[in-house]
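Structure file structure30.txt (compact mmCIF, C-alpha atoms) follows.
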# COMPACT_ATOMS: atom_id res chain seq x y z
CA MET I 26 115.05 166.47 163.94
CA PHE I 27 112.95 163.67 162.49
CA ASN I 28 111.30 165.94 159.92
CA LYS I 29 114.79 166.68 158.63
CA LEU I 30 115.58 162.97 158.39
CA ILE I 31 112.32 162.32 156.52
CA GLU I 32 113.14 165.08 154.03
CA THR I 33 116.58 163.54 153.54
CA LEU I 34 115.00 160.16 152.82
CA LYS I 35 112.42 161.65 150.46
CA ALA I 36 115.30 163.00 148.40
CA ASN I 37 117.09 159.64 148.49
CA PRO I 38 114.76 156.73 149.39
CA LYS I 39 116.20 153.69 151.19
CA LYS I 40 115.31 150.15 152.18
CA ILE I 41 115.60 148.91 155.75
CA VAL I 42 115.54 145.33 157.03
CA PHE I 43 113.71 144.51 160.27
CA THR I 44 115.09 141.22 161.58
CA GLU I 45 112.10 140.51 163.83
CA GLY I 46 109.15 140.84 161.46
CA PRO I 47 106.46 139.15 163.60
CA ASP I 48 107.04 141.44 166.59
CA ALA I 49 104.08 143.77 167.19
CA ARG I 50 106.35 146.77 167.84
CA ILE I 51 108.13 146.21 164.54
CA LEU I 52 104.84 145.84 162.71
CA GLU I 53 103.42 149.05 164.16
CA ALA I 54 106.59 150.94 163.23
CA ALA I 55 106.57 149.44 159.73
CA SER I 56 102.94 150.52 159.29
CA ASN I 57 103.86 154.07 160.34
CA ILE I 58 106.83 154.07 157.97
CA LYS I 59 104.60 152.90 155.12
CA ALA I 60 102.35 155.90 155.80
CA LEU I 61 105.27 158.23 155.00
CA GLY I 62 104.75 157.38 151.35
CA GLY I 63 107.77 155.51 150.03
CA CYS I 64 110.79 157.42 151.31
CA LEU I 65 111.72 154.37 153.38
CA THR I 66 110.78 150.81 152.43
CA PRO I 67 110.63 148.21 155.24
CA ILE I 68 111.56 144.58 154.61
CA LEU I 69 110.18 142.25 157.27
CA ILE I 70 111.98 139.00 158.08
CA GLY I 71 109.88 136.09 159.31
CA ASN I 72 107.26 133.52 158.47
CA VAL I 73 104.84 135.18 156.07
CA ASP I 74 101.66 133.80 157.63
CA GLU I 75 102.82 134.69 161.15
CA VAL I 76 103.79 138.22 160.16
CA LYS I 77 100.46 138.84 158.41
CA ALA I 78 98.45 137.32 161.25
CA ASN I 79 100.20 139.43 163.87
CA ALA I 80 99.73 142.56 161.78
CA ALA I 81 96.02 141.83 161.39
CA ALA I 82 95.68 141.17 165.12
CA GLY I 83 97.24 144.54 165.92
CA GLY I 84 95.43 146.44 163.20
CA PHE I 85 98.70 147.40 161.46
CA ASP I 86 98.68 148.15 157.74
CA ILE I 87 101.56 146.31 156.11
CA GLU I 88 99.76 145.65 152.82
CA GLY I 89 102.31 145.61 150.00
CA LEU I 90 105.37 145.43 152.26
CA GLU I 91 107.90 142.74 151.47
CA ILE I 92 108.07 139.81 153.89
CA ILE I 93 110.92 137.33 153.46
CA ASP I 94 111.04 133.96 155.20
CA PRO I 95 114.57 132.51 155.35
CA ALA I 96 113.03 129.02 155.31
CA THR I 97 111.58 129.53 151.82
CA TYR I 98 114.03 132.09 150.37
CA ALA I 99 114.80 131.12 146.76
CA GLY I 100 118.29 132.60 146.84
CA MET I 101 119.48 130.76 149.94
CA ASP I 102 122.12 128.66 148.15
CA GLU I 103 123.74 131.77 146.70
CA MET I 104 123.57 133.50 150.08
CA VAL I 105 125.22 130.52 151.78
CA ASP I 106 128.04 130.53 149.20
CA GLN I 107 128.65 134.24 149.75
CA MET I 108 128.67 133.85 153.51
CA VAL I 109 131.12 130.94 153.33
CA ALA I 110 133.43 133.14 151.24
CA LEU I 111 133.08 136.04 153.68
CA ARG I 112 133.86 133.84 156.69
CA LYS I 113 137.04 132.60 154.98
CA GLY I 114 137.09 129.09 156.41
CA LYS I 115 135.77 130.04 159.86
CA MET I 116 132.34 128.53 159.14
CA THR I 117 131.31 125.57 157.00
CA ALA I 118 128.45 125.72 154.50
CA ASP I 119 126.22 123.85 156.93
CA GLU I 120 127.09 126.26 159.74
CA CYS I 121 126.37 129.23 157.49
CA ARG I 122 123.04 127.74 156.42
CA ALA I 123 122.07 127.21 160.06
CA ALA I 124 123.03 130.81 160.92
CA LEU I 125 121.09 132.18 157.95
CA ALA I 126 117.93 130.49 159.18
CA LYS I 127 117.91 133.21 161.84
CA GLY I 128 116.70 136.72 161.09
CA ASN I 129 119.80 138.48 162.38
CA TYR I 130 122.24 136.74 160.02
CA PHE I 131 119.78 136.55 157.13
CA GLY I 132 118.95 140.26 157.33
CA THR I 133 122.60 141.22 157.60
CA MET I 134 123.37 139.26 154.43
CA LEU I 135 120.56 141.08 152.60
CA VAL I 136 122.41 144.31 153.39
CA LYS I 137 125.79 142.83 152.46
CA MET I 138 124.42 141.64 149.09
CA GLY I 139 123.01 145.11 148.35
CA TYR I 140 119.35 144.14 148.54
CA ALA I 141 118.78 146.58 151.41
CA ASP I 142 120.60 149.70 152.58
CA SER I 143 120.36 149.29 156.35
CA LEU I 144 119.20 147.04 159.17
CA LEU I 145 117.52 147.45 162.53
CA GLY I 146 117.36 144.61 165.04
CA GLY I 147 117.36 143.93 168.75
CA ALA I 148 113.68 144.01 169.69
CA THR I 149 114.16 140.41 170.78
CA TYR I 150 117.83 139.80 169.95
CA SER I 151 120.61 140.85 172.32
CA THR I 152 123.05 143.58 171.32
CA ALA I 153 125.71 140.91 170.75
CA ASP I 154 123.37 139.02 168.40
CA THR I 155 122.90 142.16 166.32
CA VAL I 156 126.52 143.34 166.35
CA ARG I 157 128.19 139.94 165.80
CA PRO I 158 126.75 139.32 162.30
CA ALA I 159 127.56 142.90 161.35
CA LEU I 160 131.20 142.49 162.38
CA GLN I 161 131.49 139.14 160.61
CA LEU I 162 129.72 140.07 157.37
CA ILE I 163 129.46 143.86 156.92
CA LYS I 164 132.77 144.54 158.67
CA THR I 165 134.33 147.91 159.46
CA LYS I 166 134.91 150.68 156.95
CA PRO I 167 138.36 151.03 155.36
CA GLY I 168 140.63 152.72 157.87
CA ASN I 169 138.46 151.79 160.83
CA LYS I 170 139.52 149.18 163.34
CA LEU I 171 136.48 149.06 165.58
CA VAL I 172 132.76 149.52 165.90
CA SER I 173 131.79 152.26 168.31
CA SER I 174 128.58 154.06 169.15
CA CYS I 175 127.06 157.39 169.95
CA PHE I 176 123.80 158.80 171.22
CA ILE I 177 122.07 161.83 169.77
CA LEU I 178 120.27 163.74 172.51
CA ALA I 179 117.54 166.27 171.82
CA ARG I 180 115.40 168.66 173.87
CA GLU I 181 113.31 171.77 173.34
CA LYS I 182 114.47 174.90 175.16
CA ASP I 183 112.87 178.32 174.67
CA GLY I 184 111.24 177.08 171.47
CA VAL I 185 114.53 175.90 169.98
CA GLN I 186 115.62 172.30 169.57
CA GLU I 187 118.99 171.58 171.15
CA LEU I 188 120.97 168.64 169.80
CA ILE I 189 124.15 167.12 171.20
CA ALA I 190 126.15 163.94 170.50
CA MET I 191 127.84 161.65 173.02
CA GLY I 192 130.21 158.72 172.37
CA ASP I 193 131.06 155.99 173.15
CA CYS I 194 128.40 155.17 175.71
CA ALA I 195 127.55 151.57 174.80
CA ILE I 196 130.17 149.46 173.01
CA ASN I 197 133.85 149.96 173.92
CA ILE I 198 134.44 149.38 177.61
CA LYS I 199 137.91 150.85 178.05
CA PRO I 200 139.13 152.34 174.76
CA ASP I 201 142.80 153.15 174.30
CA GLU I 202 144.15 156.33 172.71
CA ASP I 203 143.71 155.20 169.11
CA ALA I 204 140.22 153.89 169.80
CA LEU I 205 139.28 157.27 171.31
CA VAL I 206 140.51 158.99 168.16
CA GLU I 207 138.27 156.80 166.00
CA ILE I 208 135.33 157.25 168.38
CA GLY I 209 135.72 161.02 168.29
CA LEU I 210 135.91 161.30 164.51
CA GLU I 211 133.02 158.88 163.91
CA THR I 212 130.85 160.65 166.49
CA ALA I 213 131.58 164.01 164.86
CA ASN I 214 130.64 162.65 161.43
CA CYS I 215 127.41 161.21 162.83
CA ALA I 216 126.60 164.54 164.49
CA LYS I 217 126.80 166.27 161.09
CA ILE I 218 124.06 164.01 159.70
CA PHE I 219 121.69 165.47 162.31
CA GLY I 220 122.62 169.05 161.50
CA ILE I 221 125.05 169.50 164.38
CA ASP I 222 128.16 171.56 163.61
CA PRO I 223 130.45 169.44 165.79
CA LYS I 224 132.53 171.09 168.47
CA VAL I 225 134.25 168.08 169.96
CA ALA I 226 135.30 167.94 173.60
CA TYR I 227 137.47 165.08 174.85
CA LEU I 228 136.31 164.81 178.45
CA SER I 229 138.32 164.12 181.58
CA PHE I 230 138.44 164.97 185.28
CA SER I 231 141.25 167.34 184.25
CA THR I 232 141.30 170.53 182.18
CA LYS I 233 144.54 171.27 180.37
CA GLY I 234 146.81 169.61 182.89
CA SER I 235 144.97 170.48 186.10
CA GLY I 236 144.95 166.76 186.92
CA LYS I 237 147.66 164.15 186.46
CA GLY I 238 147.87 160.48 185.69
CA GLU I 239 147.66 157.94 182.88
CA ASP I 240 143.91 158.46 182.41
CA VAL I 241 144.49 162.16 181.75
CA ASP I 242 147.41 161.40 179.45
CA LYS I 243 145.27 158.99 177.44
CA VAL I 244 142.57 161.57 176.78
CA ARG I 245 145.05 164.37 176.05
CA ASN I 246 147.05 162.23 173.61
CA ALA I 247 143.91 160.98 171.89
CA CYS I 248 142.72 164.56 171.46
CA GLU I 249 146.01 165.62 169.86
CA LYS I 250 145.88 162.64 167.48
CA ALA I 251 142.29 163.48 166.54
CA LYS I 252 143.24 167.08 165.80
CA ALA I 253 146.04 165.88 163.54
CA ALA I 254 143.74 163.42 161.76
CA ALA I 255 140.94 165.94 161.20
CA PRO I 256 142.35 169.50 161.27
CA GLU I 257 139.10 170.81 159.75
CA LEU I 258 137.16 169.90 162.93
CA ALA I 259 136.93 171.98 166.10
CA ILE I 260 138.40 169.61 168.71
CA ASP I 261 139.85 170.28 172.14
CA GLY I 262 140.78 168.43 175.32
CA GLU I 263 141.38 167.29 177.83
CA LEU I 264 138.40 169.21 179.28
CA GLN I 265 136.26 168.85 182.37
CA PHE I 266 132.57 168.93 181.56
CA ASP I 267 132.01 172.35 183.09
CA ALA I 268 134.80 173.83 181.00
CA ALA I 269 133.34 172.18 177.92
CA VAL I 270 129.85 173.68 178.29
CA SER I 271 130.11 176.84 180.40
CA PRO I 272 131.52 179.97 178.73
CA VAL I 273 132.24 181.44 182.18
CA VAL I 274 134.26 178.44 183.31
CA ALA I 275 135.94 178.17 179.91
CA ALA I 276 137.07 181.79 180.12
CA THR I 277 138.85 180.95 183.37
CA LYS I 278 140.22 177.49 182.63
CA CYS I 279 141.02 177.53 178.91
CA LYS I 280 140.61 180.94 177.34
CA GLY I 281 140.84 180.95 173.54
CA SER I 282 139.74 177.35 173.05
CA PRO I 283 137.68 176.78 169.86
CA VAL I 284 135.51 174.31 171.77
CA ALA I 285 135.45 175.06 175.49
CA GLY I 286 132.23 176.71 176.63
CA GLN I 287 130.36 175.71 173.48
CA ALA I 288 130.95 171.97 173.03
CA ASN I 289 128.11 169.91 171.54
CA THR I 290 129.91 166.63 170.82
CA PHE I 291 131.30 164.87 173.86
CA ILE I 292 133.84 162.04 173.86
CA PHE I 293 134.02 160.11 177.12
CA PRO I 294 137.17 158.36 178.35
CA ASP I 295 135.41 155.03 178.90
CA ILE I 296 132.02 153.34 178.91
CA ASN I 297 131.47 153.97 182.63
CA ALA I 298 131.61 157.74 182.17
CA GLY I 299 129.73 157.64 178.85
CA ASN I 300 126.84 155.49 179.99
CA ILE I 301 126.42 157.47 183.20
CA GLY I 302 126.77 160.77 181.36
CA TYR I 303 124.11 160.24 178.72
CA LYS I 304 121.66 158.88 181.28
CA ILE I 305 122.17 161.92 183.53
CA ALA I 306 121.43 164.14 180.52
CA GLN I 307 118.36 162.04 179.74
CA ARG I 308 116.91 161.75 183.24
CA LEU I 309 117.91 165.07 184.83
CA GLY I 310 118.55 167.25 181.78
CA GLY I 311 115.30 166.49 180.00
CA TYR I 312 116.94 165.18 176.83
CA ALA I 313 115.46 162.43 174.70
CA ALA I 314 118.23 159.96 173.90
CA TYR I 315 118.38 158.20 170.53
CA GLY I 316 120.74 155.28 170.16
CA PRO I 317 123.06 153.62 170.54
CA ILE I 318 123.86 154.44 166.93
CA LEU I 319 126.56 152.03 165.74
CA LEU I 320 129.50 153.70 164.00
CA GLY I 321 132.38 152.46 161.89
CA LEU I 322 130.59 149.75 159.89
CA ASN I 323 130.45 149.52 156.09
CA ALA I 324 126.65 149.86 156.23
CA PRO I 325 124.20 151.19 158.82
CA ILE I 326 123.27 148.46 161.31
CA ASN I 327 121.59 149.48 164.55
CA ASP I 328 120.47 147.81 167.73
CA LEU I 329 117.24 148.33 169.64
CA SER I 330 116.67 147.88 173.33
CA ARG I 331 114.58 144.80 174.05
CA GLY I 332 112.41 147.11 176.15
CA CYS I 333 111.73 149.44 173.20
CA ASP I 334 108.28 150.54 172.08
CA ALA I 335 106.96 151.09 168.54
CA ASP I 336 107.78 154.80 168.59
CA GLU I 337 111.44 154.05 169.40
CA VAL I 338 111.54 151.50 166.58
CA TYR I 339 110.09 154.06 164.15
CA LYS I 340 112.56 156.77 165.14
CA MET I 341 115.58 154.47 165.13
CA ALA I 342 114.54 153.23 161.68
CA LEU I 343 114.62 156.80 160.36
CA ILE I 344 118.00 157.41 161.99
CA THR I 345 119.45 154.15 160.67
CA ALA I 346 118.24 154.70 157.12
CA ALA I 347 119.45 158.30 157.08
CA LEU I 348 122.95 157.10 157.93
CA ALA I 349 122.95 155.29 154.57

Can I see the file as structure tokens?
Amino acid sequence: MFNKLIETLKANPKKIVFTEGPDARILEAASNIKALGGCLTPILIGNVDEVKANAAAGGFDIEGLEIIDPATYAGMDEMVDQMVALRKGKMTADECRAALAKGNYFGTMLVKMGYADSLLGGATYSTADTVRPALQLIKTKPGNKLVSSCFILAREKDGVQELIAMGDCAINIKPDEDALVEIGLETANCAKIFGIDPKVAYLSFSTKGSGKGEDVDKVRNACEKAKAAAPELAIDGELQFDAAVSPVVAATKCKGSPVAGQANTFIFPDINAGNIGYKIAQRLGGYAAYGPILLGLNAPINDLSRGCDADEVYKMALITAALA
């Protein structure tokens, strides 16, 4: 999977901002990215001396990489003016300047101003501290009303790499019908970037009316709206998970479905089911889980777990940049 992303970036090189430049995990990942030979250019945010000292202490080669310190950034006045305009009276110039002293806001504005293509943060920041600047400054794509997320899960089986997508497992707690439509379409589009031909299953405890209630109705209605919005995609629901993945069960419960028995893109009814579902796949199914990948924004912004290691940072950087 990652070789494919690297080839994509070699054909179309990108820049990525790391909001926590002094962090050893970030520095190790940036060193490994540098070794790829220019397909992805890291920009490290932080005090220059601190970043260089930490890199030297860890033995990480960041020679030639750009390090930007918000405290000494020559274009800060222009950046403040742009942020004031973007916030439309919700923040004063002094409040914007104070926010831009922090790597999360500063890095997000570098993306907004076109200096970088993507951003990866969260090694020390919370998810909210990564997502909030993105919502305020990058904002959602035209036609999108929310930011959602998906995980790409990968495993080797019989010498073949299996890839599946799951959304939304991390952001929207209890999405309504329209939110589920957006989540499904964004997850399908993300799946395509990783070479998945999306077969989208809207999941429920019911298959085609076997169960009743407002939760079933929500998933069924969302599925029908998604089909209408993207008739070119293979979408079906509501489906129980066994009907979505087992051809034998599908033949009994929903014969003739373009998705049932072969689904590879799964849309969960809420964050409880999604978070539990991807972790079951990860811990019991032997899948490696990559994400959460944020969807719906005008530019790729992604969030790391504060418990991440350098390898996770490296892989999420490739994913994030490829989304650009």

Sorted by chain and rising residue number, list the residues of region 100-170 of chain I at most 9 Å from region 68-76 of chain I (counting all atoms listed in the file), each with its closest atom pair and distance in Å to one decimal, as CSV.
residue,atom,partner,partner_atom,distance
I:Lys127,CA,I:Gly71,CA,8.9
I:Gly128,CA,I:Ile70,CA,6.0
I:Asn129,CA,I:Ile70,CA,8.9
I:Phe131,CA,I:Ile70,CA,8.2
I:Gly132,CA,I:Ile70,CA,7.1
I:Ala141,CA,I:Ile68,CA,8.1

Would you mind reading off the distance between CA of Ala213 (chain I) and CA of Leu135 (chain I), one decimal, in Å?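 Pair CA of Ala213 (chain I) / CA of Leu135 (chain I) returns 28.2 Å.
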
For Gly302 (chain I): contacts at 9 Å, all atoms listed in the file, fewer than 6 positions along chain excluded, given as a PyMOL selection string: chain I and resi 191+194+293

Straight-line distance linking CA of Tyr339 (chain I) with CA of Gly209 (chain I), stated in Å to one decimal: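 If I compute the distance from CA of Tyr339 (chain I) to CA of Gly209 (chain I), I get 26.9 Å.
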
Distance CA of Phe176 (chain I)-CA of Ala335 (chain I), one decimal place?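 Pair CA of Phe176 (chain I) / CA of Ala335 (chain I) returns 18.7 Å.
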
Residues around (131.7, 149.6, 166.3), cut-off 9 Å, counting all atoms listed in the file - what are they as a PyMOL selection string? chain I and resi 156+160+165+169-174+196-197+208+319-322

Nearest to Gly63 (chain I) among I:Gly262, I:Gly234, I:Pro38, I:Gly220, with distances taken over all atoms listed in the file: which residue is it?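 Counting all atoms listed in the file, the residue closest to Gly63 (chain I) is I:Pro38.
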
For each of I:Pro272, I:Gly286, I:Gly192, I:Pro294, take the minimum atom-to-atom distance to Cys248 (chain I), counting all atoms listed in the file, then give the residue where this is smallest.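 Going through I:Pro272, I:Gly286, I:Gly192, I:Pro294 one by one, the smallest distance to Cys248 (chain I) is for I:Pro294.
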
Using all atoms listed in the file: which of I:Lys35, I:Arg122, I:Arg157, I:Lys113 has the shortest distance to Met101 (chain I):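 Checking each candidate against Met101 (chain I), we get I:Arg122 as the closest.
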
What's around Ile51 (chain I) at 12 Å? Count only C-alpha atoms, leave out sequence neighbours fewer than 4 positions away in its own chain, and write the answer as a PyMOL selection string. chain I and resi 41-47+55-58+67-71+76+79-80+83+85-87+145-149+329+331+333-342

Got a minute to add N, CA, C and O atoms to region 54-70 of chain I and dump it as an mmCIF file, in the frame of the given file?
data_model
loop_
_atom_site.group_PDB
_atom_site.id
_atom_site.type_symbol
_atom_site.label_atom_id
_atom_site.label_comp_id
_atom_site.auth_asym_id
_atom_site.auth_seq_id
_atom_site.Cartn_x
_atom_site.Cartn_y
_atom_site.Cartn_z
ATOM 1 N N ALA I 54 105.637 149.987 163.809
ATOM 2 C CA ALA I 54 106.590 150.940 163.230
ATOM 3 C C ALA I 54 106.606 150.848 161.717
ATOM 4 O O ALA I 54 106.628 151.870 161.009
ATOM 5 N N ALA I 55 106.567 149.617 161.183
ATOM 6 C CA ALA I 55 106.570 149.440 159.730
ATOM 7 C C ALA I 55 105.322 150.054 159.101
ATOM 8 O O ALA I 55 105.388 150.663 158.021
ATOM 9 N N SER I 56 104.186 149.912 159.772
ATOM 10 C CA SER I 56 102.940 150.520 159.290
ATOM 11 C C SER I 56 103.071 152.045 159.251
ATOM 12 O O SER I 56 102.648 152.696 158.290
ATOM 13 N N ASN I 57 103.667 152.616 160.292
ATOM 14 C CA ASN I 57 103.860 154.070 160.340
ATOM 15 C C ASN I 57 104.849 154.543 159.276
ATOM 16 O O ASN I 57 104.695 155.629 158.702
ATOM 17 N N ILE I 58 105.861 153.727 159.026
ATOM 18 C CA ILE I 58 106.830 154.070 157.970
ATOM 19 C C ILE I 58 106.153 154.019 156.607
ATOM 20 O O ILE I 58 106.366 154.893 155.755
ATOM 21 N N LYS I 59 105.335 153.007 156.388
ATOM 22 C CA LYS I 59 104.600 152.900 155.120
ATOM 23 C C LYS I 59 103.773 154.158 154.860
ATOM 24 O O LYS I 59 103.676 154.648 153.729
ATOM 25 N N ALA I 60 103.195 154.708 155.927
ATOM 26 C CA ALA I 60 102.350 155.900 155.800
ATOM 27 C C ALA I 60 103.125 157.134 155.352
ATOM 28 O O ALA I 60 102.525 158.120 154.920
ATOM 29 N N LEU I 61 104.463 157.092 155.449
ATOM 30 C CA LEU I 61 105.270 158.230 155.000
ATOM 31 C C LEU I 61 105.276 158.349 153.484
ATOM 32 O O LEU I 61 105.650 159.392 152.946
ATOM 33 N N GLY I 62 104.932 157.264 152.786
ATOM 34 C CA GLY I 62 104.750 157.380 151.350
ATOM 35 C C GLY I 62 105.927 156.992 150.481
ATOM 36 O O GLY I 62 106.103 157.575 149.405
ATOM 37 N N GLY I 63 106.759 156.056 150.932
ATOM 38 C CA GLY I 63 107.770 155.510 150.030
ATOM 39 C C GLY I 63 109.175 156.018 150.205
ATOM 40 O O GLY I 63 110.090 155.571 149.500
ATOM 41 N N CYS I 64 109.416 156.939 151.125
ATOM 42 C CA CYS I 64 110.790 157.420 151.310
ATOM 43 C C CYS I 64 111.661 156.375 152.005
ATOM 44 O O CYS I 64 112.886 156.398 151.895
ATOM 45 N N LEU I 65 111.011 155.455 152.710
ATOM 46 C CA LEU I 65 111.720 154.370 153.380
ATOM 47 C C LEU I 65 110.882 153.104 153.237
ATOM 48 O O LEU I 65 109.696 153.096 153.582
ATOM 49 N N THR I 66 111.497 152.054 152.709
ATOM 50 C CA THR I 66 110.780 150.810 152.430
ATOM 51 C C THR I 66 111.198 149.731 153.427
ATOM 52 O O THR I 66 112.354 149.295 153.405
ATOM 53 N N PRO I 67 110.289 149.278 154.299
ATOM 54 C CA PRO I 67 110.630 148.210 155.240
ATOM 55 C C PRO I 67 110.624 146.839 154.553
ATOM 56 O O PRO I 67 109.805 146.563 153.671
ATOM 57 N N ILE I 68 111.545 145.987 154.973
ATOM 58 C CA ILE I 68 111.560 144.580 154.610
ATOM 59 C C ILE I 68 111.466 143.787 155.905
ATOM 60 O O ILE I 68 112.312 143.947 156.793
ATOM 61 N N LEU I 69 110.438 142.976 156.035
ATOM 62 C CA LEU I 69 110.180 142.250 157.270
ATOM 63 C C LEU I 69 110.657 140.813 157.131
ATOM 64 O O LEU I 69 110.307 140.112 156.177
ATOM 65 N N ILE I 70 111.467 140.358 158.095
ATOM 66 C CA ILE I 70 111.980 139.000 158.080
ATOM 67 C C ILE I 70 111.144 138.132 159.014
ATOM 68 O O ILE I 70 110.946 138.480 160.185
#
